[in-house]
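A short worksheet on the structure shown next.
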Amino acid sequence: MQYRTLGRTGVQVSTLALGAMNFGKIGRTTQDEVTAIVDVALEAGINLIDTADVYGGGESEEMVGKAIAGRREDIVLATKASLPMGDERNHQGGSRRWLVTALDDSLRRLGVDHVDLYQIHRWDPRASDEETLSALTDLQRAGKIRYFGSSTFPAYRIVQAQWAAREHHLSRYATEQPSYSILQRGIEAHVLPVTEEYGLGVLAWSPLASGWLSGAIREGREITSNRSAFMPQRFDTTVPANRARLEAVERLAKVADEAGLTMIQLALGFVTAHPGVTGALIGPRTLDHLHSQLAAADTVLSPDVLDAIDAIVVPGTDLAAHEKNDTPPALLDPSLRRR
């Protein structure tokens, strides 16, 4: 396992981090299975576990808490808030009112008195940067969080938040968690230059592109992944964007074969090769998934392989731009772009 410094925090984290979205009802995993996955991950040298309150409506946090009981101090523990937790309109977002409550709820579920990294899961356009940053700063000073970060923020919001922290003398976001893979490279054009400029740690989610780069999805095979069962539109190969992804996967598979690598090693090695990326979040649902992903822990791609990837997917482009989660609100709501 390799380790890198998380932004400017001084904290050393593994380049592969354990994502817990599949723990519980989403991945249909039991507590025993989750504990086994955490055991093997820690034994392999992974020291960062990332979850969120919204994963399974709190179930993932509860499972992580039970799995790490008795060894909390050896783990860099991260969770997230701001996505809706139920139907109540104020049980979401970046307001002080909600974040204080949400963090207490997460700490209770995790069975800990603090988390190392608390992340705003998505930017909330209804809450000012000062509102959110002041709440996070106070929670940090209270000892409930060590650092805080953002997740899937567009580049201009990352810049705005850094400016707001300086303007109002508040603590700043120390990390960003964007979606990044060979098939979704848009952050190379905007987000990564900004995070490098401000010294933010970057934890990339979906490095296997929701399973497209796992090696299981190939031309002529039926797509039967767990993700495709509840998001079929993202795997319908009659859709042009999905067809483009499949064609890219076929070409990437040849690159991996010639380099003596699995598709997973190619995909994870690509993400961790970028100098602006601290680590890649893997989200195994089974021990077999975990072992196949741990095989990439020491993968270093050669310049020739990286050049071959660039020739297949142009740097800075997304093959499925419609799946991005950082679209400005005015592009989604017509009323926001009409006088």
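The chains in the structure tokens are called A, B, ... from first to last as shown; in each chain the residues are counted from 1, and the ligands are counted from 1 in the order shown.
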
Exercise for the section: Please identify which residues in range 172-311 of chain A DSSP calls strand (DSSP E) from the backbone, and express them as a list of chain:residue names. Expected result: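 Those residues are A:Thr175, A:Glu176, A:Gln177, A:Gly201, A:Val202, A:Leu203, A:Ala204, A:Gly279, A:Ala280, A:Leu281, A:Ile282.
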
Handout entry: Within 12 Å of Leu294 in chain A using only C-alpha atoms, minus same-chain residues under 4 positions, as a ChimeraX atom specification
Key = /A:1-2,14-18,37,40-46,262,264-265,268-269,280-284,287-290,298-299

Exercise for the section: Please report, as a list in words, each residue of range 14-78 of chain A to which DSSP assigns alpha helix (DSSP H) when run on this structure's backbone. Expected result: Gln31, Asp32, Glu33, Val34, Thr35, Ala36, Ile37, Val38, Asp39, Val40, Ala41, Leu42, Glu43, Glu59, Ser60, Glu61, Glu62, Met63, Val64, Gly65, Lys66, Ala67 and Ile68 of chain A

Practice task
To one decimal in Å, tell me the separation between CA of Ile223 in chain A and CA of Gly279 in chain A.
Solution key: 28.0 Å

Problem - Pick from A:Ser210, A:Thr278, A:Ser82, A:Asn47 nearest to Gly7 in chain A, counting only C-alpha atoms - result: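 Closest residue, counting only C-alpha atoms: A:Thr278.
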